[in-house]
$ cat coords-v7.cif   # mmCIF, C-alpha atoms
data_structure
#
loop_
_atom_site.group_PDB
_atom_site.id
_atom_site.type_symbol
_atom_site.label_atom_id
_atom_site.label_comp_id
_atom_site.auth_asym_id
_atom_site.auth_seq_id
_atom_site.Cartn_x
_atom_site.Cartn_y
_atom_site.Cartn_z
ATOM 1 C CA MET A 1 -51.169 -64.816 31.978
ATOM 2 C CA ARG A 2 -51.497 -65.269 35.736
ATOM 3 C CA ALA A 3 -48.649 -63.928 37.823
ATOM 4 C CA SER A 4 -47.309 -64.983 41.205
ATOM 5 C CA PHE A 5 -47.229 -62.535 44.085
ATOM 6 C CA GLU A 6 -43.740 -61.645 45.303
ATOM 7 C CA HIS A 7 -43.723 -61.020 49.028
ATOM 8 C CA ILE A 8 -41.466 -58.233 50.220
ATOM 9 C CA ASP A 9 -41.077 -57.453 53.922
ATOM 10 C CA THR A 10 -43.720 -54.828 54.700
ATOM 11 C CA GLU A 11 -41.452 -53.282 57.309
ATOM 12 C CA VAL A 12 -38.923 -52.375 54.610
ATOM 13 C CA ARG A 13 -39.852 -49.340 52.504
ATOM 14 C CA TYR A 14 -37.197 -49.991 49.893
ATOM 15 C CA ARG A 15 -34.530 -52.471 48.912
ATOM 16 C CA GLN A 16 -31.741 -52.773 46.379
ATOM 17 C CA ARG A 17 -30.738 -55.957 44.556
ATOM 18 C CA TRP A 18 -27.771 -56.808 42.368
ATOM 19 C CA ILE A 19 -28.489 -59.670 39.935
ATOM 20 C CA SER A 20 -25.718 -61.618 38.213
ATOM 21 C CA LEU A 21 -26.680 -64.828 36.382
ATOM 22 C CA PRO A 22 -25.840 -66.863 33.262
ATOM 23 C CA ALA A 23 -29.350 -66.012 32.004
ATOM 24 C CA PHE A 24 -32.413 -64.142 33.205
ATOM 25 C CA GLU A 25 -34.959 -66.811 34.121
ATOM 26 C CA PHE A 26 -38.683 -66.495 33.503
ATOM 27 C CA TYR A 27 -40.363 -65.218 36.677
ATOM 28 C CA TRP A 28 -43.757 -63.683 35.939
ATOM 29 C CA HIS A 29 -44.644 -61.858 39.143
ATOM 30 C CA TYR A 30 -46.019 -58.709 40.713
ATOM 31 C CA HIS A 31 -45.773 -56.849 44.017
ATOM 32 C CA PRO A 32 -47.158 -53.680 45.640
ATOM 33 C CA GLU A 33 -43.784 -51.948 45.353
ATOM 34 C CA VAL A 34 -42.635 -49.773 42.453
ATOM 35 C CA GLU A 35 -39.640 -51.343 40.681
ATOM 36 C CA LEU A 36 -36.801 -49.713 38.754
ATOM 37 C CA THR A 37 -34.708 -52.178 36.721
ATOM 38 C CA TYR A 38 -31.498 -51.384 34.866
ATOM 39 C CA ILE A 39 -29.902 -54.046 32.642
ATOM 40 C CA LEU A 40 -26.115 -53.763 32.540
ATOM 41 C CA SER A 41 -25.494 -56.848 30.412
ATOM 42 C CA GLY A 42 -27.503 -59.560 28.737
ATOM 43 C CA SER A 43 -30.458 -59.624 26.367
ATOM 44 C CA GLY A 44 -33.734 -61.411 25.889
ATOM 45 C CA GLU A 45 -37.444 -60.724 26.013
ATOM 46 C CA ARG A 46 -39.104 -58.348 28.463
ATOM 47 C CA ILE A 47 -42.782 -58.848 29.307
ATOM 48 C CA VAL A 48 -44.553 -56.064 31.205
ATOM 49 C CA GLY A 49 -48.330 -56.406 31.375
ATOM 50 C CA ASP A 50 -49.380 -57.131 27.790
ATOM 51 C CA SER A 51 -46.156 -55.742 26.281
ATOM 52 C CA VAL A 52 -43.587 -58.112 24.764
ATOM 53 C CA GLU A 53 -40.292 -56.556 23.595
ATOM 54 C CA SER A 54 -36.646 -57.445 23.135
ATOM 55 C CA PHE A 55 -34.274 -55.941 25.669
ATOM 56 C CA TYR A 56 -30.538 -55.313 25.634
ATOM 57 C CA ALA A 57 -27.852 -53.857 27.880
ATOM 58 C CA GLY A 58 -28.929 -50.355 28.855
ATOM 59 C CA ASP A 59 -32.608 -51.263 29.210
ATOM 60 C CA HIS A 60 -34.087 -49.070 31.974
ATOM 61 C CA VAL A 61 -37.702 -49.653 33.025
ATOM 62 C CA LEU A 62 -39.989 -48.409 35.784
ATOM 63 C CA VAL A 63 -42.793 -50.814 36.739
ATOM 64 C CA GLY A 64 -45.704 -49.671 38.897
ATOM 65 C CA PRO A 65 -47.376 -51.510 41.803
ATOM 66 C CA ASP A 66 -49.115 -54.821 40.984
ATOM 67 C CA LEU A 67 -48.091 -54.742 37.307
ATOM 68 C CA PRO A 68 -46.919 -58.260 36.291
ATOM 69 C CA HIS A 69 -43.488 -58.382 34.665
ATOM 70 C CA THR A 70 -40.461 -60.506 33.847
ATOM 71 C CA TRP A 71 -37.156 -60.331 31.977
ATOM 72 C CA THR A 72 -36.129 -63.645 30.420
ATOM 73 C CA SER A 73 -33.321 -64.930 28.197
ATOM 74 C CA PHE A 74 -33.860 -67.818 25.808
ATOM 75 C CA GLY A 75 -30.991 -70.204 26.319
ATOM 76 C CA GLY A 76 -28.301 -69.986 28.936
ATOM 77 C CA SER A 77 -24.671 -68.957 28.854
ATOM 78 C CA VAL A 78 -21.515 -70.643 30.036
ATOM 79 C CA VAL A 79 -20.483 -67.301 31.530
ATOM 80 C CA GLU A 80 -21.765 -67.053 35.109
ATOM 81 C CA ASP A 81 -22.245 -63.269 35.033
ATOM 82 C CA ALA A 82 -23.408 -62.900 31.417
ATOM 83 C CA CYS A 83 -26.624 -61.235 32.591
ATOM 84 C CA GLN A 84 -26.387 -58.453 35.166
ATOM 85 C CA ALA A 85 -28.998 -56.054 36.470
ATOM 86 C CA MET A 86 -29.528 -53.512 39.211
ATOM 87 C CA VAL A 87 -33.022 -53.546 40.725
ATOM 88 C CA ILE A 88 -34.562 -51.125 43.212
ATOM 89 C CA GLN A 89 -37.970 -51.815 44.739
ATOM 90 C CA PHE A 90 -39.688 -49.228 46.888
ATOM 91 C CA ARG A 91 -43.068 -48.326 48.281
ATOM 92 C CA PRO A 92 -44.707 -44.992 47.441
ATOM 93 C CA GLU A 93 -44.206 -44.154 51.134
ATOM 94 C CA VAL A 94 -40.557 -43.606 50.243
ATOM 95 C CA LEU A 95 -41.666 -39.975 49.965
ATOM 96 C CA GLY A 96 -42.711 -40.102 53.592
ATOM 97 C CA LYS A 97 -45.350 -41.967 55.594
ATOM 98 C CA GLN A 98 -47.772 -39.111 54.930
ATOM 99 C CA PRO A 99 -47.841 -38.009 51.262
ATOM 100 C CA VAL A 100 -45.316 -35.212 50.910
ATOM 101 C CA MET A 101 -47.196 -32.140 49.732
ATOM 102 C CA GLU A 102 -44.242 -29.924 48.930
ATOM 103 C CA PRO A 103 -44.326 -28.946 45.228
ATOM 104 C CA GLU A 104 -40.744 -30.222 44.836
ATOM 105 C CA PHE A 105 -42.207 -33.760 44.936
ATOM 106 C CA ASP A 106 -44.929 -33.124 42.324
ATOM 107 C CA VAL A 107 -42.774 -34.491 39.516
ATOM 108 C CA ILE A 108 -42.067 -37.724 41.401
ATOM 109 C CA ARG A 109 -45.734 -38.223 42.341
ATOM 110 C CA LYS A 110 -46.727 -37.822 38.681
ATOM 111 C CA LEU A 111 -44.018 -40.286 37.587
ATOM 112 C CA LEU A 112 -45.212 -42.920 40.078
ATOM 113 C CA ALA A 113 -48.788 -42.503 38.823
ATOM 114 C CA LEU A 114 -47.647 -43.038 35.222
ATOM 115 C CA SER A 115 -45.674 -46.156 36.227
ATOM 116 C CA SER A 116 -48.937 -48.133 36.426
ATOM 117 C CA ARG A 117 -48.492 -48.901 32.703
ATOM 118 C CA GLY A 118 -44.749 -49.528 32.888
ATOM 119 C CA ILE A 119 -42.279 -47.035 31.409
ATOM 120 C CA ARG A 120 -39.216 -47.712 29.257
ATOM 121 C CA PHE A 121 -36.787 -44.806 29.188
ATOM 122 C CA ASN A 122 -35.068 -44.124 25.897
ATOM 123 C CA LYS A 123 -31.324 -44.266 25.284
ATOM 124 C CA GLU A 124 -29.885 -40.964 26.573
ATOM 125 C CA VAL A 125 -32.159 -40.796 29.619
ATOM 126 C CA ALA A 126 -31.572 -44.483 30.375
ATOM 127 C CA GLU A 127 -27.791 -44.029 30.299
ATOM 128 C CA GLU A 128 -27.775 -41.042 32.665
ATOM 129 C CA ALA A 129 -30.325 -42.677 34.973
ATOM 130 C CA GLY A 130 -28.199 -45.818 34.955
ATOM 131 C CA ARG A 131 -25.151 -43.818 35.990
ATOM 132 C CA GLN A 132 -27.090 -42.268 38.880
ATOM 133 C CA LEU A 133 -28.512 -45.641 39.860
ATOM 134 C CA MET A 134 -25.070 -47.236 40.034
ATOM 135 C CA LEU A 135 -23.905 -44.438 42.341
ATOM 136 C CA LEU A 136 -26.474 -45.663 44.872
ATOM 137 C CA ARG A 137 -24.739 -49.018 45.096
ATOM 138 C CA GLY A 138 -22.943 -49.168 48.413
ATOM 139 C CA LYS A 139 -24.763 -46.187 49.910
ATOM 140 C CA GLN A 140 -27.153 -46.453 52.845
ATOM 141 C CA GLY A 141 -29.573 -44.405 54.885
ATOM 142 C CA LEU A 142 -30.192 -40.760 54.043
ATOM 143 C CA HIS A 143 -27.530 -40.644 51.313
ATOM 144 C CA TRP A 144 -29.251 -43.545 49.522
ATOM 145 C CA LEU A 145 -32.742 -42.114 49.982
ATOM 146 C CA THR A 146 -31.879 -38.623 48.749
ATOM 147 C CA GLY A 147 -30.035 -40.176 45.808
ATOM 148 C CA LEU A 148 -33.210 -42.076 44.903
ATOM 149 C CA TRP A 149 -35.286 -38.892 45.109
ATOM 150 C CA ILE A 150 -32.856 -37.106 42.787
ATOM 151 C CA LEU A 151 -32.943 -40.031 40.347
ATOM 152 C CA LEU A 152 -36.762 -40.164 40.328
ATOM 153 C CA ASP A 153 -36.928 -36.401 39.865
ATOM 154 C CA PHE A 154 -34.570 -36.684 36.883
ATOM 155 C CA LEU A 155 -36.722 -39.426 35.321
ATOM 156 C CA GLY A 156 -39.921 -37.519 36.065
ATOM 157 C CA ASN A 157 -38.628 -34.435 34.273
ATOM 158 C CA SER A 158 -37.868 -36.453 31.150
ATOM 159 C CA THR A 159 -40.281 -36.772 28.246
ATOM 160 C CA ASP A 160 -38.086 -39.297 26.427
ATOM 161 C CA TYR A 161 -39.892 -42.487 27.372
ATOM 162 C CA THR A 162 -42.342 -45.073 26.070
ATOM 163 C CA PHE A 163 -45.305 -46.645 27.851
ATOM 164 C CA LEU A 164 -45.271 -50.439 27.802
ATOM 165 C CA SER A 165 -48.629 -52.011 28.663
ATOM 166 C CA SER A 166 -51.739 -50.822 26.857
ATOM 167 C CA VAL A 167 -54.234 -48.369 28.329
ATOM 168 C CA GLY A 168 -56.927 -51.007 28.805
ATOM 169 C CA TYR A 169 -54.681 -53.659 30.321
ATOM 170 C CA SER A 170 -56.097 -54.997 33.574
ATOM 171 C CA PRO A 171 -53.795 -57.538 35.246
ATOM 172 C CA SER A 172 -55.220 -60.713 36.747
ATOM 173 C CA LEU A 173 -53.563 -61.239 40.109
ATOM 174 C CA ASN A 174 -54.709 -64.740 40.999
ATOM 175 C CA LYS A 175 -51.802 -66.777 42.390
ATOM 176 C CA LEU A 176 -53.421 -70.187 41.855
ATOM 177 C CA ASN A 177 -52.575 -70.472 38.145
ATOM 178 C CA GLN A 178 -48.846 -69.704 38.361
ATOM 179 C CA GLU A 179 -47.958 -73.366 37.865
ATOM 180 C CA ARG A 180 -50.162 -73.536 34.779
ATOM 181 C CA ILE A 181 -48.569 -70.500 33.188
ATOM 182 C CA SER A 182 -45.056 -71.704 34.051
ATOM 183 C CA ARG A 183 -45.751 -74.971 32.234
ATOM 184 C CA VAL A 184 -47.109 -73.157 29.187
ATOM 185 C CA PHE A 185 -44.206 -70.714 29.049
ATOM 186 C CA ASP A 186 -41.653 -73.510 29.451
ATOM 187 C CA TYR A 187 -43.336 -75.278 26.547
ATOM 188 C CA ILE A 188 -43.129 -72.140 24.380
ATOM 189 C CA CYS A 189 -39.535 -71.415 25.406
ATOM 190 C CA HIS A 190 -38.256 -74.926 24.679
ATOM 191 C CA ASN A 191 -40.064 -75.186 21.345
ATOM 192 C CA LEU A 192 -39.640 -71.636 20.051
ATOM 193 C CA SER A 193 -37.716 -72.705 16.950
ATOM 194 C CA GLY A 194 -39.986 -75.683 16.373
ATOM 195 C CA GLU A 195 -43.659 -76.507 16.379
ATOM 196 C CA ILE A 196 -45.941 -75.055 19.042
ATOM 197 C CA ARG A 197 -49.523 -76.270 19.154
ATOM 198 C CA LEU A 198 -52.463 -74.903 21.126
ATOM 199 C CA LYS A 199 -53.681 -78.477 21.725
ATOM 200 C CA GLN A 200 -50.427 -79.443 23.451
ATOM 201 C CA ALA A 201 -50.372 -76.248 25.542
ATOM 202 C CA ALA A 202 -53.952 -76.882 26.667
ATOM 203 C CA GLY A 203 -53.092 -80.482 27.518
ATOM 204 C CA LEU A 204 -50.219 -79.382 29.741
ATOM 205 C CA VAL A 205 -52.681 -77.613 32.047
ATOM 206 C CA TYR A 206 -55.468 -80.208 31.673
ATOM 207 C CA MET A 207 -57.879 -77.918 29.834
ATOM 208 C CA THR A 208 -59.837 -78.284 26.625
ATOM 209 C CA GLU A 209 -58.643 -76.140 23.720
ATOM 210 C CA THR A 210 -61.758 -73.957 23.977
ATOM 211 C CA SER A 211 -61.375 -73.426 27.738
ATOM 212 C CA PHE A 212 -57.656 -72.799 27.429
ATOM 213 C CA SER A 213 -58.126 -70.261 24.612
ATOM 214 C CA ARG A 214 -60.715 -68.389 26.662
ATOM 215 C CA PHE A 215 -58.496 -68.516 29.764
ATOM 216 C CA PHE A 216 -55.373 -67.383 27.901
ATOM 217 C CA ARG A 217 -57.082 -64.483 26.156
ATOM 218 C CA LYS A 218 -58.741 -63.299 29.372
ATOM 219 C CA ILE A 219 -55.415 -63.227 31.195
ATOM 220 C CA THR A 220 -53.097 -61.854 28.499
ATOM 221 C CA GLY A 221 -55.440 -59.895 26.258
ATOM 222 C CA MET A 222 -54.055 -61.902 23.315
ATOM 223 C CA THR A 223 -54.838 -65.172 21.606
ATOM 224 C CA PHE A 224 -52.394 -68.001 22.254
ATOM 225 C CA ASN A 225 -51.119 -67.929 18.663
ATOM 226 C CA GLY A 226 -50.873 -64.140 18.782
ATOM 227 C CA TYR A 227 -48.794 -64.330 21.933
ATOM 228 C CA VAL A 228 -46.481 -66.991 20.456
ATOM 229 C CA ASN A 229 -45.963 -64.803 17.382
ATOM 230 C CA GLU A 230 -45.120 -61.804 19.606
ATOM 231 C CA ILE A 231 -42.432 -63.854 21.368
ATOM 232 C CA ARG A 232 -41.102 -65.207 18.069
ATOM 233 C CA LEU A 233 -40.914 -61.760 16.461
ATOM 234 C CA SER A 234 -39.178 -60.347 19.532
ATOM 235 C CA HIS A 235 -36.676 -63.217 19.413
ATOM 236 C CA ALA A 236 -36.149 -62.595 15.688
ATOM 237 C CA CYS A 237 -35.407 -58.920 16.377
ATOM 238 C CA ARG A 238 -32.719 -59.943 18.848
ATOM 239 C CA LEU A 239 -31.150 -62.430 16.421
ATOM 240 C CA LEU A 240 -31.121 -59.831 13.636
ATOM 241 C CA THR A 241 -29.380 -57.373 15.934
ATOM 242 C CA GLU A 242 -26.907 -59.647 17.717
ATOM 243 C CA HIS A 243 -26.005 -62.084 14.926
ATOM 244 C CA PRO A 244 -25.186 -60.226 11.700
ATOM 245 C CA GLU A 245 -23.690 -63.443 10.320
ATOM 246 C CA MET A 246 -27.133 -65.097 10.203
ATOM 247 C CA SER A 247 -29.170 -64.781 7.031
ATOM 248 C CA VAL A 248 -32.719 -63.488 7.304
ATOM 249 C CA SER A 249 -34.048 -66.911 6.331
ATOM 250 C CA SER A 250 -31.990 -68.517 9.131
ATOM 251 C CA VAL A 251 -33.348 -65.989 11.614
ATOM 252 C CA ALA A 252 -36.876 -66.813 10.473
ATOM 253 C CA TRP A 253 -36.252 -70.550 10.903
ATOM 254 C CA GLU A 254 -34.612 -70.158 14.335
ATOM 255 C CA SER A 255 -37.594 -68.090 15.460
ATOM 256 C CA GLY A 256 -40.083 -70.741 14.419
ATOM 257 C CA PHE A 257 -41.251 -69.312 11.074
ATOM 258 C CA ARG A 258 -41.164 -72.001 8.393
ATOM 259 C CA SER A 259 -42.031 -69.637 5.553
ATOM 260 C CA SER A 260 -39.774 -66.677 4.779
ATOM 261 C CA THR A 261 -42.645 -64.960 2.982
ATOM 262 C CA HIS A 262 -44.899 -65.323 6.023
ATOM 263 C CA PHE A 263 -42.083 -64.119 8.298
ATOM 264 C CA ASN A 264 -41.362 -61.047 6.164
ATOM 265 C CA ARG A 265 -45.037 -60.148 5.992
ATOM 266 C CA MET A 266 -45.597 -60.511 9.745
ATOM 267 C CA PHE A 267 -42.374 -58.658 10.531
ATOM 268 C CA PHE A 268 -43.298 -55.708 8.323
ATOM 269 C CA THR A 269 -46.792 -55.540 9.858
ATOM 270 C CA ALA A 270 -45.367 -55.526 13.393
ATOM 271 C CA LYS A 271 -42.265 -53.356 12.899
ATOM 272 C CA GLY A 272 -43.067 -51.225 9.862
ATOM 273 C CA CYS A 273 -39.946 -52.329 7.976
ATOM 274 C CA SER A 274 -38.355 -55.432 6.519
ATOM 275 C CA PRO A 275 -36.059 -57.662 8.625
ATOM 276 C CA SER A 276 -33.051 -56.479 6.588
ATOM 277 C CA ALA A 277 -33.904 -52.823 7.158
ATOM 278 C CA PHE A 278 -34.416 -53.479 10.859
ATOM 279 C CA ARG A 279 -30.932 -55.020 11.031
ATOM 280 C CA LYS A 280 -29.345 -51.961 9.394
ATOM 281 C CA ILE A 281 -31.146 -49.554 11.734
ATOM 282 C CA ASN A 282 -30.351 -51.533 14.875
ATOM 283 C CA HIS A 283 -26.626 -52.086 14.536
ATOM 284 C CA PRO A 284 -25.155 -54.329 17.296
ATOM 285 C CA GLN A 285 -22.991 -51.452 18.564
ATOM 286 C CA LYS A 286 -26.159 -49.756 19.788
ATOM 287 C CA HIS A 287 -26.671 -52.519 22.315
ATOM 288 C CA GLN A 288 -23.240 -52.842 23.844
ATOM 289 C CA SER A 289 -22.913 -52.604 27.625
ATOM 290 C CA PRO A 290 -23.037 -49.029 28.939
ATOM 291 C CA ALA A 291 -19.594 -47.450 29.043
ATOM 292 C CA GLY A 292 -17.909 -47.295 32.379
ATOM 293 C CA LEU A 293 -20.276 -49.755 34.122
#

$ encode --input "coords-v7.cif" --output "structure tokens"
Amino acid sequence: MRASFEHIDTEVRYRQRWISLPAFEFYWHYHPEVELTYILSGSGERIVGDSVESFYAGDHVLVGPDLPHTWTSFGGSVVEDACQAMVIQFRPEVLGKQPVMEPEFDVIRKLLALSSRGIRFNKEVAEEAGRQLMLLRGKQGLHWLTGLWILLDFLGNSTDYTFLSSVGYSPSLNKLNQERISRVFDYICHNLSGEIRLKQAAGLVYMTETSFSRFFRKITGMTFNGYVNEIRLSHACRLLTEHPEMSVSSVAWESGFRSSTHFNRMFFTAKGCSPSAFRKINHPQKHQSPAGL
């Protein structure tokens, strides 16, 4: 999947953004800055490198320089601020124009090196880091910068995290194919519960099926059908968690699986448990908005 380059003013070493939208829109991009994203409300699919996962309120992820990523929600909401996030982007020079050699910064330097694969922080760490991140809102100058250092040091001292992209993932950073990928993703998004064909996807970008398959696998590290199944399974996980009133067969159908047997088999292979067991483990209360935010 080719990503578009996001230009950020090179004179600015860091910036803070507050996002409030009816839905997170697909924006597959990369930039030389490190990015820390905290989801306060909303859910959907998060794609970081070759990782595809569901996300919920409380999701806290650190993305390294030039690692393609996006958060996206299938379907919109009538509520204008249904999806909210706090995003901080900063250059490694935030430690100082010359690399800071004091040992107190060793933990942060190690964390930034690990961020090249993308890091998702687990529940307790994510909640505390989210609290610290929200305290930075409204601050400026030295107070903001020292607060960021303290936050990064806290995250760097944690071992409760999960890497996202695989060890061998090598992002393709060619900007020319962004339009192609946007067309393909729009096609997948709008037909997720229906039929998705490789031939139609290839036709959207004026490529033969063979050329498109080669192109898609080179960029994403996955086959087209494998990628579609990853998105569908991630969507199914979200439906199982957020809609307890839906039967497993309805979840399978809404996610584009026309055979419950096929769905159950693929789900167990990917998640190590049945859809029903996954629903019991991941009770909706676990994904409510963080308290006090």

$ atom_distance --input "coords-v7.cif" --atom1 "atom CA of A:Leu204" --atom2 "atom CA of A:Tyr227"
17.0 Å

$ closest_residue --input "coords-v7.cif" --among "A:Cys83, A:Ala236, A:Ile281, A:Met222" --to "A:Tyr56" --atoms "only C-alpha atoms"
A:Cys83

$ resolve_selection --input "coords-v7.cif" --expression "the PyMOL selection byres ((chain A and resi 118) around 10)" --output "compact mmCIF listing (two decimals) with C-alpha atoms, keeping the file's coordinate frame"
# COMPACT_ATOMS: atom_id res chain seq x y z
CA VAL A 34 -42.64 -49.77 42.45
CA GLU A 35 -39.64 -51.34 40.68
CA LEU A 36 -36.80 -49.71 38.75
CA VAL A 48 -44.55 -56.06 31.20
CA GLY A 49 -48.33 -56.41 31.38
CA SER A 51 -46.16 -55.74 26.28
CA VAL A 61 -37.70 -49.65 33.02
CA LEU A 62 -39.99 -48.41 35.78
CA VAL A 63 -42.79 -50.81 36.74
CA GLY A 64 -45.70 -49.67 38.90
CA PRO A 65 -47.38 -51.51 41.80
CA LEU A 67 -48.09 -54.74 37.31
CA PRO A 68 -46.92 -58.26 36.29
CA HIS A 69 -43.49 -58.38 34.66
CA LEU A 112 -45.21 -42.92 40.08
CA LEU A 114 -47.65 -43.04 35.22
CA SER A 115 -45.67 -46.16 36.23
CA SER A 116 -48.94 -48.13 36.43
CA ARG A 117 -48.49 -48.90 32.70
CA ILE A 119 -42.28 -47.04 31.41
CA ARG A 120 -39.22 -47.71 29.26
CA PHE A 121 -36.79 -44.81 29.19
CA THR A 162 -42.34 -45.07 26.07
CA PHE A 163 -45.30 -46.64 27.85
CA LEU A 164 -45.27 -50.44 27.80
CA SER A 165 -48.63 -52.01 28.66
CA SER A 166 -51.74 -50.82 26.86

$ closest_residue --input "coords-v7.cif" --among "A:Ile19, A:Leu192, A:Ala270, A:Ala82" --to "A:Gly42" --atoms "all atoms listed in the file"
A:Ala82

$ residues_near_point --input "coords-v7.cif" --point "(-30.5, -66.5, 30.5)" --cutoff "9 Å" --atoms "all atoms listed in the file" --output "JSON, numbers by chain"
{"A": [21, 22, 23, 24, 25, 26, 42, 43, 44, 72, 73, 74, 75, 76, 77, 82, 83]}

$ residues_around --input "coords-v7.cif" --residues "stretch 196-202 of chain A" --least-positions-apart "3" --cutoff "6 Å" --atoms "all atoms listed in the file" --output "number ranges by chain"
A: 184, 205, 207, 209, 212

$ atom_distance --input "coords-v7.cif" --atom1 "atom CA of A:Thr261" --atom2 "atom CA of A:Glu242"
22.2 Å

$ closest_residue --input "coords-v7.cif" --among "A:Asp66, A:Glu179, A:Glu45, A:Asp160" --to "A:Val125" --atoms "all atoms listed in the file"
A:Asp160

$ resolve_selection --input "coords-v7.cif" --expression "the PyMOL selection byres ((chain A and resi 238) around 12)" --output "PyMOL selection string"
chain A and resi 42-46+53-57+73-74+231-237+239-244+246+251-252+254-255+275+278-279+282-284+287

$ closest_residue --input "coords-v7.cif" --among "A:Gly221, A:Gly130, A:Pro32, A:Gly203" --to "A:Val167" --atoms "only C-alpha atoms"
A:Gly221

$ atom_distance --input "coords-v7.cif" --atom1 "atom CA of A:Thr146" --atom2 "atom CA of A:Trp71"
27.9 Å

$ axis_aligned_box --input "coords-v7.cif" --around "stretch 269-273 of chain A" --padding-each-side "5 Å" --output "AutoDock Vina command-line options"
--center_x -43.4 --center_y -53.4 --center_z 10.7 --size_x 16.8 --size_y 14.3 --size_z 15.4

$ resolve_selection --input "coords-v7.cif" --expression "the PyMOL selection byres ((chain A and resi 152) around 9)" --output "list in words"
Val107, Ile108, Leu111, Leu112, Ala129, Gly147, Leu148, Trp149, Ile150, Leu151, Asp153, Phe154, Leu155, Gly156 and Asn157 of chain A
